[in-house]
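Peer 1: The following block contains the structure, expressed as C-alpha cells.
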Amino acid sequence: MNPRRAAAAFTSCLALALAALVLLAALGVRVPATRAQTPEADVLAIERQLRCPQCTNERLDVCELRICEDIRTQIRQRLAAGEAPDSIVASFRALYGDRILWALPRRGFNLALLGWVGASLLAVLLGGGFALRRMRRTAHPATAVLTPDDEAWLDHEIERARDADGPPPQQEP
Amino acid sequence: MNLTATIGAGAVLTALACALLAIGAATWGQRARRPALVGMARRALAVTAIFTTLAIATLAAALLRDDFSLAYVAQVSSRAMLMHMKWAALYSSQAGSLLYWAWITSLLFAVFAWVTVPRIPWGAAHAIAVAGGVLAVLLIALAFIASPFRVSPITPADGMGLNPLLVDRGMLIHPPFLLGGLASTAVPFTLGAAALLSARTGEVWLRAVRHWALFAWLVLSIGNLLGAWWAYTVLGWGGYWGWDPVENSAILPLLPLTAFLHSAMVQERRGMLKLWNLALVLATFALAVFGTFNVRSGLVASVHSFAQSSVGPYFLIVLAVAVVGSVALLAWRAPHLRPDHEFDSLLSRESALIVNNYLLTAIALVILGGTLFPVFSELARSGRISVGPPFFNGTIGPLLLALLALLVLGTVLPWRRSAPRTLSRRLRAPLVTGAIAAAAGAAAGLRDPFALGTVVACVVIGHVTLREYALAARGVRRASGASWPAAVGALFDRDRRRYGGYLVHLGVAVLAIAVVGSTVYQQQSRAVVAPGERFRAGRYTLRYEGLEERPGTANGVQSELVMPITVSIGDREVAHLAPGRRFFANFPNQPTTIVAVDPGWREDLYLFAQGWDSAGNAEIHAFVNPLMTWLWFGAAIYIAGGLLAFAPVRAPARARAPEVPDMHDAPPVTEQYV
C-alpha cells in the first residue's frame, strides 16, 4: 500500500477509535439531567460558599470542628424557617468578615491579588513578546531571502526526508 | 553524658566540618591552581555523606530503642508505635525532617562528587564549593538551630507519639519522595552556579545537568502525586488537591524545572536560551528554599506546617542569599550568554517550547502571588484571609488549558520553521478527532466549556502523540523488519528522552481529563441516618448498618468508631464500606477520619462520617468522584514516562567517543586534576 494512504488509513482508524473511547468515557461520566434538589442539598449549597472560621483552607461542609457543626445547624434551621440563602451567607459574613467566604470577594485589598495576576500575565506577555521579537528581528538573513514558494518546497523536501528516514538518529540521554 | 546524643551531634558537626573543608579546599585549590586540594575537596564532599548517614542511623536507632532521653524521640514517638511508623516519625517533625533533608542532599552530592565531578573539568572546583555551601547551610541549621539530638531535661517513661494525622502508611512514601525531590533541586543549582562561575554555559554544562534535572523533576513529581493520593485517602474532604500554601510550595519548584526540561532542548538544538536555562535551574532551587521557609516558619498557616521555630528566619536569610546571589551571577554573565543561532520563525517547535516556558512562568507567578497574598493582606488590613481553590482554579485552569493546546503544537511543529500549509496538514486529522470528541462529549452531556475544551485538547494530544509513536515505529519496521512491539521498544532504546517524554504527555492528558471529571462533575450528598435507614448518593443506595466500636490496635490508637454502610446499585449489592473515626490515647482532642472509598473505572464512591449520637444515628457524607481511578492511572503513565526518559541507555556496540569538554580557557588546575 502507498505509505501516504496507509498513514491516512491509520489516522482515520485512530480518530475513530479515540472518538469511540471519548464517547464511552463521556457516557460513563454523564451528569444526571435533573438533580433532585433535597433540603439537604440546599443546605450543602450554602455551606459550600463558606469556609471554617478557624481552619486554613477548609470548607465549612467538610470541617469537623464544633464551631462548624454549630454553623451548619444554624444554616439548616434558618433555611427551614424560610430565610433566603443570600441572606444567610451575608449574615455570616457580617459576623466573621470576608475570611468566612470560600471564594475570595473581588473588592477592597483583594483586588491587589487580581492585579498581581494581571500584572504577571502582562509581564510574561510583554516580556515574552519582546524577547521573541528580539530573537526574530536578528534572524539569519539566509533564511529571510527565501520566497514563499521556496519555503513550501523546502518544507516539502524536509517532510519527504523525514518520512523516508524513519525515526531520528540515536541521541544521548 | 548521653552517648546517643553525643554520637548524633558529633556526626552532624563532623559532617559540617567536612562540608566547610570541601568549600575551603575547593576555593583555595582553584585560586592557587593546586589539583591536589580540589581532589581533597571532592573527597571531603563525599565523606560528608558518611557522617550524615551516621547521624540519621543514630536517630533511627534512638527511635527504635524508645530512647526518650532525646527530646525529639519523646515528642514524635511512643512505645505503642509499630517499627515502620517509628521510622516515619524520624522525618515527621522539624528537626528530623531537616536531618533527613541534609542526609539525602549529602548522598546526592556524594554521587555527584564521584560520578559527575570528574566529567566537568571546566567547573569541578566551583561545583564542589557550591555543593559544600548548600550542605553547610543545612548542617548549620541542624547543629545550632534545630537539632534532633537535644537531650530532655527529664526522661519521660513514654513519648507522645506521632501526630494522629501522620499515622498512616502514606507517611512511609510521600514525605521521603517530596523531601528527596526538593533536596535534589540542589544538584542542578550547583551545576548552574558552577557554570556561571566558571563561564562554561554552553553545551558542556547542559550535558552535565540534564540527567540531574530529570531526576529532580521525576522525584518531585512522584512526591506531589503521592501527596495528592494521601490527601484523598486520609484527610476526608473528598478531594486530593486543596491549593493549600504548603501544597503550593511543593509544586512551585516543579514548574521552572518542567520549563527547563523543555527549554534545554532549545539550547541543545539551536544554542538559544542560555541565560534563561540557567535562570530556571537557579529559580528552581530558590523556590525549593522558599518552600522550606514557608513550611518551617509559620509564615502562612497550613495543615502541613511544622511548628513555628527559629529555623524560619534562618531560611529567610538563606532564601535572600540564594536569590540575590543567583541574580548577581546571572547579571554578571549575561553579556556572555548570547545565542549561537537566531530565532527563525514563530511557526517552529522552539517557539512552541518558548511559549510553553512563558505559560509555566505565568502559572508559577500566579501560584506564588496567591500563596503569599494572605501575608500581605494581613499586613495591610490586620485580618488574615485564605486564598483557596476558587481563586486558583479560576486563574490556573485557563493557563493549563492553553498549556495543553501548546503541547499539541510542540509535538507537531518541526524545528526551525514550518510552512503554514505543513502545519495545517499535520493538524488536520488530530483536529477532526478533536471535533468528533467535542461532538461526542456535548452529546453525552458535557456542558461545561472548560471541561469540554480540556477533553478535546487531551484527545488531540492523544492523537498526535500516538501518531508520533506509530510513524517512528513504522520507520523502524521498514528498516529492520521488526514486529510492532519490538519497533516501539526500539524507539525507547534510540531516544529515551523523546519517547519517554511523549509518554509523560499522554499521562498528563489522562490526568487532565480525570481532574476535570472529578472536580467539575463531583456529586456531593449528606444524610443523618438511623441504623437500618437508607439514603442515596448519585446512582448508589447506601444502607447504614449501625454504630460499631472497635478497640485500637497499634500506633497509639485507642479505639475506632465505624459506621458500616452497605452500598447497592438498584437491587445489587456492590460494596461494604466502613467510614468512621479513629481516637488516639495521647491526643484525645484530635480524632482522625477513616475514609472509605469504593473505587471504580467510572467513578469512586467516597464516604466519611461527620457525626453520630448516643442513639446510634450517624451523619454520613458521600461524594461521587468521576474518573478518579483514571487520575491514578494517568499518574502511573506520567511516572512510567519519566522513568523511561531517565533510565540509562543500553551500552552501544561501538565504544562511544570520550566527551571533549570546552577547554580553551578552562582553569588549568581542574584540567590537570581530572
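Lettering and numbering for the C-alpha cells are positional, with chains as A, B, ... in the shown order, residues counted from 1 in each chain, and ligands counted from 1 in the shown order.
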List every residue of region 28-118 of chain A that DSSP, applied to the backbone of this structure, places in strand (DSSP E or B), and write the result as a PyMOL selection string.
Peer 2: chain A and resi 50-51+59+101
Peer 1: Could you pull out the alpha helix (DSSP H) residues of region 512-660 of chain B from DSSP and send them as a short mmCIF file (atom, residue, chain, number, x, y, z; two decimals) with N, CA, C and O atoms, in the first residue's frame?
Peer 2:
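Result file result.cif:
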data_model
loop_
_atom_site.label_atom_id
_atom_site.label_comp_id
_atom_site.auth_asym_id
_atom_site.auth_seq_id
_atom_site.Cartn_x
_atom_site.Cartn_y
_atom_site.Cartn_z
N ALA B 512 -5.38 15.17 33.12
CA ALA B 512 -6.19 16.38 32.95
C ALA B 512 -7.67 16.02 32.81
O ALA B 512 -8.54 16.66 33.41
N ILE B 513 -7.96 14.97 32.02
CA ILE B 513 -9.35 14.55 31.86
C ILE B 513 -9.93 14.11 33.21
O ILE B 513 -11.05 14.46 33.58
N ALA B 514 -9.11 13.36 33.96
CA ALA B 514 -9.59 12.87 35.26
C ALA B 514 -9.79 14.03 36.24
O ALA B 514 -10.76 14.02 37.02
N VAL B 515 -8.91 15.02 36.20
CA VAL B 515 -9.05 16.16 37.10
C VAL B 515 -10.36 16.91 36.81
O VAL B 515 -11.12 17.25 37.71
N VAL B 516 -10.61 17.11 35.52
CA VAL B 516 -11.85 17.80 35.14
C VAL B 516 -13.07 16.98 35.56
O VAL B 516 -14.01 17.51 36.16
N GLY B 517 -13.02 15.67 35.28
CA GLY B 517 -14.16 14.81 35.63
C GLY B 517 -14.44 14.83 37.13
O GLY B 517 -15.58 14.95 37.57
N SER B 518 -13.36 14.75 37.92
CA SER B 518 -13.54 14.60 39.37
C SER B 518 -13.85 15.92 40.07
O SER B 518 -14.34 15.90 41.19
N THR B 519 -13.56 17.03 39.43
CA THR B 519 -13.87 18.31 40.08
C THR B 519 -15.17 18.92 39.54
O THR B 519 -16.07 19.26 40.30
N VAL B 520 -15.26 19.01 38.22
CA VAL B 520 -16.44 19.67 37.64
C VAL B 520 -17.70 18.84 37.86
O VAL B 520 -18.78 19.37 38.08
N MET B 628 -11.79 9.00 39.06
CA MET B 628 -10.65 9.07 39.98
C MET B 628 -9.60 7.99 39.68
O MET B 628 -8.40 8.24 39.77
N THR B 629 -10.06 6.79 39.31
CA THR B 629 -9.09 5.74 39.01
C THR B 629 -8.22 6.15 37.84
O THR B 629 -7.03 5.83 37.78
N TRP B 630 -8.83 6.89 36.90
CA TRP B 630 -8.06 7.35 35.74
C TRP B 630 -7.01 8.37 36.16
O TRP B 630 -5.98 8.52 35.50
N LEU B 631 -7.29 9.09 37.23
CA LEU B 631 -6.30 10.04 37.72
C LEU B 631 -5.03 9.30 38.16
O LEU B 631 -3.91 9.68 37.80
N TRP B 632 -5.24 8.20 38.92
CA TRP B 632 -4.06 7.44 39.37
C TRP B 632 -3.42 6.71 38.19
O TRP B 632 -2.19 6.54 38.14
N PHE B 633 -4.25 6.28 37.24
CA PHE B 633 -3.72 5.62 36.04
C PHE B 633 -2.87 6.61 35.23
O PHE B 633 -1.78 6.29 34.75
N GLY B 634 -3.38 7.83 35.07
CA GLY B 634 -2.62 8.88 34.37
C GLY B 634 -1.32 9.18 35.09
O GLY B 634 -0.27 9.37 34.46
N ALA B 635 -1.39 9.20 36.44
CA ALA B 635 -0.18 9.44 37.22
C ALA B 635 0.84 8.34 36.97
O ALA B 635 2.05 8.59 36.86
N ALA B 636 0.33 7.09 36.87
CA ALA B 636 1.25 5.96 36.63
C ALA B 636 1.90 6.08 35.26
O ALA B 636 3.11 5.82 35.10
N ILE B 637 1.12 6.50 34.24
CA ILE B 637 1.70 6.68 32.89
C ILE B 637 2.76 7.78 32.94
O ILE B 637 3.85 7.66 32.37
N TYR B 638 2.42 8.86 33.63
CA TYR B 638 3.34 10.01 33.76
C TYR B 638 4.66 9.57 34.38
O TYR B 638 5.75 9.88 33.87
N ILE B 639 4.56 8.80 35.48
CA ILE B 639 5.78 8.36 36.16
C ILE B 639 6.55 7.36 35.30
O ILE B 639 7.78 7.42 35.21
N ALA B 640 5.81 6.46 34.62
CA ALA B 640 6.48 5.48 33.75
C ALA B 640 7.24 6.20 32.65
O ALA B 640 8.38 5.84 32.33
N GLY B 641 6.62 7.24 32.07
CA GLY B 641 7.31 8.02 31.03
C GLY B 641 8.55 8.69 31.58
O GLY B 641 9.62 8.68 30.95
N GLY B 642 8.43 9.25 32.79
CA GLY B 642 9.59 9.89 33.42
C GLY B 642 10.70 8.89 33.68
O GLY B 642 11.88 9.16 33.44
N LEU B 643 10.32 7.68 34.15
CA LEU B 643 11.34 6.66 34.42
C LEU B 643 12.03 6.22 33.14
O LEU B 643 13.25 6.03 33.11
N LEU B 644 11.23 6.07 32.07
CA LEU B 644 11.82 5.66 30.79
C LEU B 644 12.78 6.74 30.27
O LEU B 644 13.84 6.44 29.74
N ALA B 645 12.36 7.99 30.43
CA ALA B 645 13.22 9.08 29.96
C ALA B 645 14.51 9.14 30.77
O ALA B 645 15.56 9.51 30.25
N PHE B 646 14.42 8.76 32.04
CA PHE B 646 15.57 8.87 32.93
C PHE B 646 16.50 7.66 32.83
O PHE B 646 17.71 7.77 33.03
#
Peer 1: Find the residue from A:Arg106, A:Arg99, A:Arg134, A:Arg93 that sits nearest to chain B; use only C-alpha atoms when measuring.
Peer 2: A:Arg99
Peer 1: Between A:Asp70, A:Asp61, A:Asp86, A:Glu47, which one has atoms that come closest to chain B, using only C-alpha atoms?
Peer 2: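 The answer is A:Asp61, which sits nearest to chain B.
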Peer 1: Please provide as a PyMOL selection string all residues within 10 Å of Gly161 (chain B), with the sequence filter that same-chain residues fewer than 5 positions apart are discarded (counting only C-alpha atoms).
Peer 2: chain B and resi 73-81+85-86+89+167+555-556+584-587
Peer 1: For Cys18 (chain B), please output as a ChimeraX atom specification all residues within 10 Å (counting only C-alpha atoms; exclusion window: fewer than 5 positions along the same chain).
Peer 2: /B:12-13,23-24,41,43-49,51,132,135-136
Peer 1: Kindly give the distance, in Å, that separates CA of Leu605 (chain B) and CA of Leu503 (chain B), rounded to a single decimal.
Peer 2: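 Atom-to-atom, CA of Leu605 (chain B) to CA of Leu503 (chain B), that is 29.2 Å.
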Peer 1: Could you name the residues that touch region 107-118 of chain B at 9 Å or less, counting only C-alpha atoms, but leaving out those on the same chain fewer than 4 positions away, as a list of chain:residue names?
Peer 2: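 The contact residues come out as B:Arg42, B:Arg43, B:Leu45, B:Ala46, B:Val47, B:Thr48, B:Ala49, B:Ile50, B:Thr52, B:Thr53, B:Ala102, B:Trp103, B:Gly123, B:Ala124, B:Ala125, B:Ala127, B:Ile128, B:Ala131, B:Gly132, B:Leu135, B:Ala183, B:Ser184, B:Ala186, B:Val187, B:Ala208, B:Tyr673, B:Val674.
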Peer 1: Given the choices B:Ala26, B:Leu359, B:Leu413, B:Ala482, which gets closest to chain A if the distance is worked out from only C-alpha atoms?
Peer 2: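 With only C-alpha atoms as the atom set, the closest residue is B:Leu359.
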Peer 1: Quick check, in Å to one decimal: how far apart do CA of Trp332 (chain B) and CA of Ala199 (chain B) lie?
Peer 2: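 Distance between the two atoms: 10.0 Å.
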Peer 1: Pick out the residues sitting within 9 Å of Leu44 (chain A), and hand them over as number ranges by chain; count only C-alpha atoms, and ignore anything fewer than 4 positions along from it in its own chain.
Peer 2: A: 39-40, 48-49, 61, 72; B: 524-526
Peer 1: With distances taken over only C-alpha atoms, which of A:Ile67, A:Ile88, A:Arg78, A:Leu60 is nearest to chain B?
Peer 2: A:Leu60
Peer 1: Name the closest residue to chain A among the candidates B:Ala216, B:Ala195, B:Ala443, B:Leu21; distances are taken between atoms, counting only C-alpha atoms.
Peer 2: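 Smallest separation from chain A among the options: B:Ala443.
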Peer 1: Which value, in Å to one decimal, gives the distance between CA of Thr566 (chain B) and CA of Gly546 (chain B)?
Peer 2: 10.7 Å
Peer 1: Pick out the residues sitting within 10 Å of region 180-182 of chain B, and hand them over as a PyMOL selection string; count only C-alpha atoms, and ignore anything fewer than 5 positions along from it in its own chain.
Peer 2: chain B and resi 100-105+108+174-175+215-224+250-251+253-254+284-285+287-289+291-292
Peer 1: Go ahead and save the picked residues with N, CA and C atoms, as a PDB file, in the first residue's frame.
Peer 2:
ATOM      1  N   TYR B 100      16.796  14.542  57.684  1.00  0.00           N
ATOM      2  CA  TYR B 100      16.524  13.692  56.518  1.00  0.00           C
ATOM      3  C   TYR B 100      16.916  14.430  55.236  1.00  0.00           C
ATOM      4  N   TRP B 101      16.553  15.719  55.182  1.00  0.00           N
ATOM      5  CA  TRP B 101      16.872  16.552  54.013  1.00  0.00           C
ATOM      6  C   TRP B 101      18.394  16.626  53.813  1.00  0.00           C
ATOM      7  N   ALA B 102      19.110  16.893  54.924  1.00  0.00           N
ATOM      8  CA  ALA B 102      20.571  17.007  54.829  1.00  0.00           C
ATOM      9  C   ALA B 102      21.182  15.678  54.409  1.00  0.00           C
ATOM     10  N   TRP B 103      20.610  14.585  54.912  1.00  0.00           N
ATOM     11  CA  TRP B 103      21.134  13.257  54.586  1.00  0.00           C
ATOM     12  C   TRP B 103      20.966  12.977  53.085  1.00  0.00           C
ATOM     13  N   ILE B 104      19.754  13.193  52.571  1.00  0.00           N
ATOM     14  CA  ILE B 104      19.500  12.958  51.142  1.00  0.00           C
ATOM     15  C   ILE B 104      20.406  13.863  50.301  1.00  0.00           C
ATOM     16  N   THR B 105      20.514  15.137  50.696  1.00  0.00           N
ATOM     17  CA  THR B 105      21.346  16.064  49.929  1.00  0.00           C
ATOM     18  C   THR B 105      22.800  15.583  49.921  1.00  0.00           C
ATOM     19  N   LEU B 108      23.190  12.622  47.594  1.00  0.00           N
ATOM     20  CA  LEU B 108      23.175  13.062  46.193  1.00  0.00           C
ATOM     21  C   LEU B 108      24.500  13.722  45.823  1.00  0.00           C
ATOM     22  N   HIS B 174       5.182   9.302  50.930  1.00  0.00           N
ATOM     23  CA  HIS B 174       5.016  10.676  50.428  1.00  0.00           C
ATOM     24  C   HIS B 174       6.107  11.643  50.902  1.00  0.00           C
ATOM     25  N   PRO B 175       6.352  11.785  52.224  1.00  0.00           N
ATOM     26  CA  PRO B 175       7.392  12.744  52.622  1.00  0.00           C
ATOM     27  C   PRO B 175       8.793  12.389  52.100  1.00  0.00           C
ATOM     28  N   PHE B 215      16.113  13.813  37.039  1.00  0.00           N
ATOM     29  CA  PHE B 215      15.974  13.065  38.301  1.00  0.00           C
ATOM     30  C   PHE B 215      15.167  13.877  39.313  1.00  0.00           C
ATOM     31  N   ALA B 216      15.548  15.146  39.486  1.00  0.00           N
ATOM     32  CA  ALA B 216      14.847  16.004  40.461  1.00  0.00           C
ATOM     33  C   ALA B 216      13.376  16.149  40.071  1.00  0.00           C
ATOM     34  N   TRP B 217      13.138  16.343  38.779  1.00  0.00           N
ATOM     35  CA  TRP B 217      11.761  16.501  38.280  1.00  0.00           C
ATOM     36  C   TRP B 217      10.942  15.250  38.565  1.00  0.00           C
ATOM     37  N   LEU B 218      11.554  14.086  38.311  1.00  0.00           N
ATOM     38  CA  LEU B 218      10.844  12.819  38.495  1.00  0.00           C
ATOM     39  C   LEU B 218      10.501  12.594  39.967  1.00  0.00           C
ATOM     40  N   VAL B 219      11.487  12.778  40.841  1.00  0.00           N
ATOM     41  CA  VAL B 219      11.259  12.512  42.273  1.00  0.00           C
ATOM     42  C   VAL B 219      10.250  13.516  42.838  1.00  0.00           C
ATOM     43  N   LEU B 220      10.385  14.778  42.420  1.00  0.00           N
ATOM     44  CA  LEU B 220       9.454  15.806  42.902  1.00  0.00           C
ATOM     45  C   LEU B 220       8.029  15.539  42.386  1.00  0.00           C
ATOM     46  N   SER B 221       7.938  15.092  41.145  1.00  0.00           N
ATOM     47  CA  SER B 221       6.613  14.753  40.585  1.00  0.00           C
ATOM     48  C   SER B 221       5.981  13.618  41.371  1.00  0.00           C
ATOM     49  N   ILE B 222       6.775  12.569  41.641  1.00  0.00           N
ATOM     50  CA  ILE B 222       6.247  11.420  42.393  1.00  0.00           C
ATOM     51  C   ILE B 222       5.802  11.893  43.779  1.00  0.00           C
ATOM     52  N   GLY B 223       6.617  12.748  44.402  1.00  0.00           N
ATOM     53  CA  GLY B 223       6.266  13.265  45.733  1.00  0.00           C
ATOM     54  C   GLY B 223       4.949  14.013  45.717  1.00  0.00           C
ATOM     55  N   ASN B 224       4.738  14.846  44.718  1.00  0.00           N
ATOM     56  CA  ASN B 224       3.483  15.604  44.630  1.00  0.00           C
ATOM     57  C   ASN B 224       2.291  14.696  44.344  1.00  0.00           C
ATOM     58  N   ALA B 250       5.168  23.004  47.397  1.00  0.00           N
ATOM     59  CA  ALA B 250       5.749  21.764  46.876  1.00  0.00           C
ATOM     60  C   ALA B 250       5.699  21.717  45.361  1.00  0.00           C
ATOM     61  N   ILE B 251       4.671  22.336  44.786  1.00  0.00           N
ATOM     62  CA  ILE B 251       4.549  22.244  43.318  1.00  0.00           C
ATOM     63  C   ILE B 251       5.312  23.375  42.620  1.00  0.00           C
ATOM     64  N   PRO B 253       8.516  24.523  42.744  1.00  0.00           N
ATOM     65  CA  PRO B 253       9.792  24.226  42.083  1.00  0.00           C
ATOM     66  C   PRO B 253       9.637  23.346  40.849  1.00  0.00           C
ATOM     67  N   LEU B 254       8.525  22.589  40.810  1.00  0.00           N
ATOM     68  CA  LEU B 254       8.306  21.689  39.674  1.00  0.00           C
ATOM     69  C   LEU B 254       8.058  22.477  38.378  1.00  0.00           C
ATOM     70  N   THR B 284      14.555  27.258  40.404  1.00  0.00           N
ATOM     71  CA  THR B 284      14.014  26.012  40.967  1.00  0.00           C
ATOM     72  C   THR B 284      14.504  25.824  42.401  1.00  0.00           C
ATOM     73  N   PHE B 285      15.800  26.001  42.582  1.00  0.00           N
ATOM     74  CA  PHE B 285      16.359  25.824  43.932  1.00  0.00           C
ATOM     75  C   PHE B 285      15.842  26.912  44.873  1.00  0.00           C
ATOM     76  N   LEU B 287      13.048  28.379  44.783  1.00  0.00           N
ATOM     77  CA  LEU B 287      11.659  28.053  45.158  1.00  0.00           C
ATOM     78  C   LEU B 287      11.602  26.874  46.137  1.00  0.00           C
ATOM     79  N   ALA B 288      12.569  25.952  46.011  1.00  0.00           N
ATOM     80  CA  ALA B 288      12.634  24.858  46.996  1.00  0.00           C
ATOM     81  C   ALA B 288      12.977  25.427  48.375  1.00  0.00           C
ATOM     82  N   VAL B 289      13.896  26.397  48.414  1.00  0.00           N
ATOM     83  CA  VAL B 289      14.249  27.037  49.696  1.00  0.00           C
ATOM     84  C   VAL B 289      13.044  27.838  50.207  1.00  0.00           C
ATOM     85  N   GLY B 291       9.956  27.086  49.743  1.00  0.00           N
ATOM     86  CA  GLY B 291       9.032  26.099  50.305  1.00  0.00           C
ATOM     87  C   GLY B 291       9.455  25.702  51.707  1.00  0.00           C
ATOM     88  N   THR B 292      10.759  25.488  51.880  1.00  0.00           N
ATOM     89  CA  THR B 292      11.289  25.121  53.201  1.00  0.00           C
ATOM     90  C   THR B 292      10.979  26.221  54.211  1.00  0.00           C
TER      91      THR B 292
END
